[in-house]
Structures are given as C-alpha cells and as structure tokens.
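Engineer: Sending over a structure as structure tokens; questions will come in a sec.
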Amino acid sequence: MCKRVGLTGGIGSGKSTVAAFLAQLGAAVMDADAISRSVTAAGGVGIPAVQREFGHAAITPDGAMNRDFMRQLVFTDMQAKRRLECILHPLIGIETERLTQEALARSPTFLVFDIPLLAESAHWRPRLDQVLVIDCTAETQIQRVMVRSALPRETVVAIIAAQAPRQLRLAAADAVVFNDGITLETLHQQVMMVTKYFGL
C-alpha cells in the first residue's frame with residue numbers, strides 16, 4: 001500500500017523546497033495551494049460560487065478570483081473567511097482525490113499531501129500515515145517572505161498571524177525539520193533522514 005505523508009509548515013518555512021526534494025525521491029506531491037489556485041483560476045470550478053457569494057469585486061477582469069481583494073477581506077472578516085472555505089474546501093477535496101487516483105496509477109514510491117492548513121483540519125490527519133512539519137522561527141518567516149514576495153513587514157506579520165500557531169503545527173508532527181540557518185544541502189540531508197525514519 002502506498003504510504004501517505006502530510007507535509008505542512010508556515011509561510012516562508014521552506015515547505016515547497018522540501019516538497020521538491022520529496023518529489024525527487026519518487027513521491028507524487030499533491031499541492032493543496034496549487035489545487036486551490038486551479039479551482040479559482042479563470043474558468044475554475046469555484047469561480048461562479050465565489051462571484052455569487054462575494055460579488056463582482058471578488059473576480060478579476062480575466063475571470064479569476066481576485067486574490068488581493070479576497071486576502072484583505074478574509075484577514076479582516078472571519079465570517080468571510082469561513083464562507084470562502086465552505087465554497088473552496090469541498091472543491092479542493094474533489095480535485096485532490098482525482099489527482100491522487102491519477103498519481104496512484106503511476107505507482108509512486110509514496111504520496112505527499114502538501115497542506116498549509118493540515119494542523120487546523122480534523123479532516124486530514126486520519127487520512128495520513130505520517131506528518132512532516134517544516135519549522136523555523138517567526139522572524140525567519142518574515143524575512144524570507146518579505147524578500148520573496150516584496151511585501152511590507154506588517155502584511156507578512158498579518159499573514160503569519162492568520163495561520164495556525166506554530167505550536168499547533170508542531171503538536172501535529174510525527175517528525176520536524178527545523179529549516180533555519182542551514183544550507184540547502186543540510187536541509188536535503190535532514191529530509192533524507194526523515195524518509196528513512198518514516199520507512200519510505
């Protein structure tokens with residue numbers, strides 16, 4: 001049976017880099033963020049419901065979800081966040097399952113579910129064999145995201161505050177990689193050690 005590993009970490013933790021390492025080791029990676037973007041891209045299955053719920057301002061001229069508009073809205077309105085999640089999460093779940101079945105047909109070494117909201121979700125943990133958390137300090141997160149996305153510090157701090165608390169993520173972990181002040185080579189070595197520990 002193909003093992004299922006959950007991968008999570010806060011913004012700027014290096015989770016995407018680790019996902020790429022795992023793919024090199026033969027994993028099929030299901031990227032929840034990428035799936036979410038496909039659902040809310042122009043022509044995506046979530047667009048009609050988002051427009052009905054939030055109005056024309058929530059949709060860009062090319063027909064995609066207006067991510068800047070929605071980001072500001074959900075940061076300031078928890079009810080709006082829940083309404084958006086009620087639309088998108090079922091659609092993301094359906095697409096994730098479709099892609100999982102496609103991946104299984106290719107006989108991967110193991111499956112990785114890259115899920116930013118894993119720690120907050122009661123849905124995911126029972127479906128996974130192990131959970132790997134990529135961790136770093138909040139200041140490292142802030143600096144990485146400011147450089148990567150050219151966002152002001154206060155915006156990055158607000159994004160981090162809207163995510164699961166670091167301790168909640170760590171509590172969900174079967175293994176933790178502390179990606180702070182290390183080289184890519186060391187990070188790769190730590191990921192290799194985790195895959196051996198998980199028996200992958």
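Just remember, in the structure tokens the first chain shown is A, the second B, etc., residues are 1-based per chain, and ligands are 1-based in the order shown.
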Can you list, as an MDAnalysis selection string, every protein, DNA or RNA residue that comes within 10 Å of A:Arg153 when you count only C-alpha atoms, leaving out same-chain residues fewer than 5 positions away?
Structural biologist: chainID A and resid 142:143 145:146 158:159
Engineer: Please produce an output containing N, CA and C atoms for each residue in the selection, written as a PDB file, in the first residue's frame.
Structural biologist:
ATOM      1  N   ILE A 142       9.296  35.898   8.385  1.00  0.00           N
ATOM      2  CA  ILE A 142       9.049  37.285   7.965  1.00  0.00           C
ATOM      3  C   ILE A 142      10.084  37.725   6.937  1.00  0.00           C
ATOM      4  N   GLN A 143      11.351  37.486   7.237  1.00  0.00           N
ATOM      5  CA  GLN A 143      12.414  37.937   6.339  1.00  0.00           C
ATOM      6  C   GLN A 143      12.332  37.235   4.986  1.00  0.00           C
ATOM      7  N   VAL A 145       9.700  35.882   3.465  1.00  0.00           N
ATOM      8  CA  VAL A 145       8.528  36.275   2.680  1.00  0.00           C
ATOM      9  C   VAL A 145       8.655  37.717   2.193  1.00  0.00           C
ATOM     10  N   MET A 146       9.225  38.587   3.010  1.00  0.00           N
ATOM     11  CA  MET A 146       9.457  39.968   2.568  1.00  0.00           C
ATOM     12  C   MET A 146      10.351  39.993   1.329  1.00  0.00           C
ATOM     13  N   ALA A 158       0.766  39.888   9.460  1.00  0.00           N
ATOM     14  CA  ALA A 158      -0.675  39.601   9.460  1.00  0.00           C
ATOM     15  C   ALA A 158      -0.962  38.233   8.838  1.00  0.00           C
ATOM     16  N   ILE A 159      -0.249  37.886   7.775  1.00  0.00           N
ATOM     17  CA  ILE A 159      -0.424  36.573   7.141  1.00  0.00           C
ATOM     18  C   ILE A 159      -0.059  35.464   8.125  1.00  0.00           C
TER      19      ILE A 159
END
Engineer: So that I can see what lies close to A:Ser38, please list as a PDB file with C-alpha atoms, in the first residue's frame the residues with an atom at most 12 Å from it, counting only C-alpha atoms and leaving out residues fewer than 5 positions away in the same chain.
Structural biologist:
ATOM      1  CA  ASP A  31      -0.078  20.572  -3.597  1.00  0.00           C
ATOM      2  CA  ALA A  32      -3.201  21.974  -1.921  1.00  0.00           C
ATOM      3  CA  ASP A  33      -2.220  25.564  -2.760  1.00  0.00           C
ATOM      4  CA  GLY A  43     -12.678  29.201 -15.763  1.00  0.00           C
ATOM      5  CA  GLY A  44     -12.110  27.345 -12.471  1.00  0.00           C
ATOM      6  CA  VAL A  45     -14.988  25.402 -10.965  1.00  0.00           C
ATOM      7  CA  GLY A  46     -15.089  27.672  -7.907  1.00  0.00           C
ATOM      8  CA  ILE A  47     -15.482  30.967  -9.748  1.00  0.00           C
ATOM      9  CA  ALA A  64     -10.063  34.578 -11.956  1.00  0.00           C
ATOM     10  CA  MET A  65     -10.666  35.109  -8.255  1.00  0.00           C
ATOM     11  CA  LEU A  88     -13.458  26.063  -1.829  1.00  0.00           C
ATOM     12  CA  LEU A  91     -13.982  21.540  -4.452  1.00  0.00           C
ATOM     13  CA  ILE A  92     -10.321  21.244  -3.455  1.00  0.00           C
ATOM     14  CA  GLU A  95      -9.806  17.684  -7.184  1.00  0.00           C
ATOM     15  CA  THR A  96      -7.254  16.323  -4.698  1.00  0.00           C
TER      16      THR A  96
END
Engineer: Find the residues near stretch 14-25 of chain A: any atom within 7 Å, counting only C-alpha atoms, skip ones fewer than 5 places away on the same chain, and give them as a ChimeraX atom specification.
Structural biologist: /A:8-9,134,179,188
Engineer: Leaving out A:Met30 and any residue of its chain fewer than 6 positions from it, which residues lie within 12 Å of it when counting only C-alpha atoms, given as an MDAnalysis selection string?
Structural biologist: chainID A and resid 4:8 16 19:20 22:23 36 92:93 95:104 110:116
Engineer: So which one's closest to A:Ile59, A:Gln190, A:Arg71, A:Pro152, A:Thr40? Using only C-alpha atoms, please.
Structural biologist: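 Of A:Gln190, A:Arg71, A:Pro152, A:Thr40, the one nearest A:Ile59, counting only C-alpha atoms, is A:Thr40.
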Engineer: Find the distance between atom CA of A:Ala28 and atom CA of A:Pro108 and write it in Å to one decimal.
Structural biologist: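 Distance reported for this atom pair: 5.9 Å.
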Engineer: Please provide as a list in words all residues within 9 Å of A:Ala172, with the sequence filter that same-chain residues fewer than 2 positions apart are discarded (counting only C-alpha atoms).
Structural biologist: Leu118, Ala119, Arg125, Val131, Leu132, Val133, Gln167, Leu168, Arg169, Leu170 and Asp174 of chain A
Engineer: Which one of A:Thr76, A:Asn66, A:Pro61, A:Ile35 sits closest to A:Pro90 if you count only C-alpha atoms?
Structural biologist: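 Smallest distance to A:Pro90 is found for A:Ile35.
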Engineer: Would you mind reading off the distance between atom CA of A:Val74 and atom CA of A:Ala162, one decimal, in Å?
Structural biologist: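 Atom CA of A:Ala162 lies at a distance of 9.2 Å from atom CA of A:Val74.
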Engineer: Residues of stretch 19-77 of chain A classed as alpha helix (DSSP H) by DSSP on the backbone are to be reported as an MDAnalysis selection string.
Structural biologist: chainID A and resid 19:24 32:39 47:54 67:76
Engineer: Which one of A:Arg106, A:Ile160, A:Ala42, A:Ala171 sits closest to A:Thr60 if you count only C-alpha atoms?
Structural biologist: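 Between A:Arg106, A:Ile160, A:Ala42, A:Ala171, the residue approaching A:Thr60 most closely is A:Ala42.
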Engineer: Using only C-alpha atoms for the distances, tell me which of A:Ala58, A:Ile11, A:Ala27, A:Val50 is nearest to A:Ser107.
Structural biologist: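 Using only C-alpha atoms, the shortest distance to A:Ser107 belongs to A:Ala27.
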Engineer: Suppose you want the space between atom CA of A:Asp62 and atom CA of A:Gln163; what is it in Å?
Structural biologist: 28.9 Å
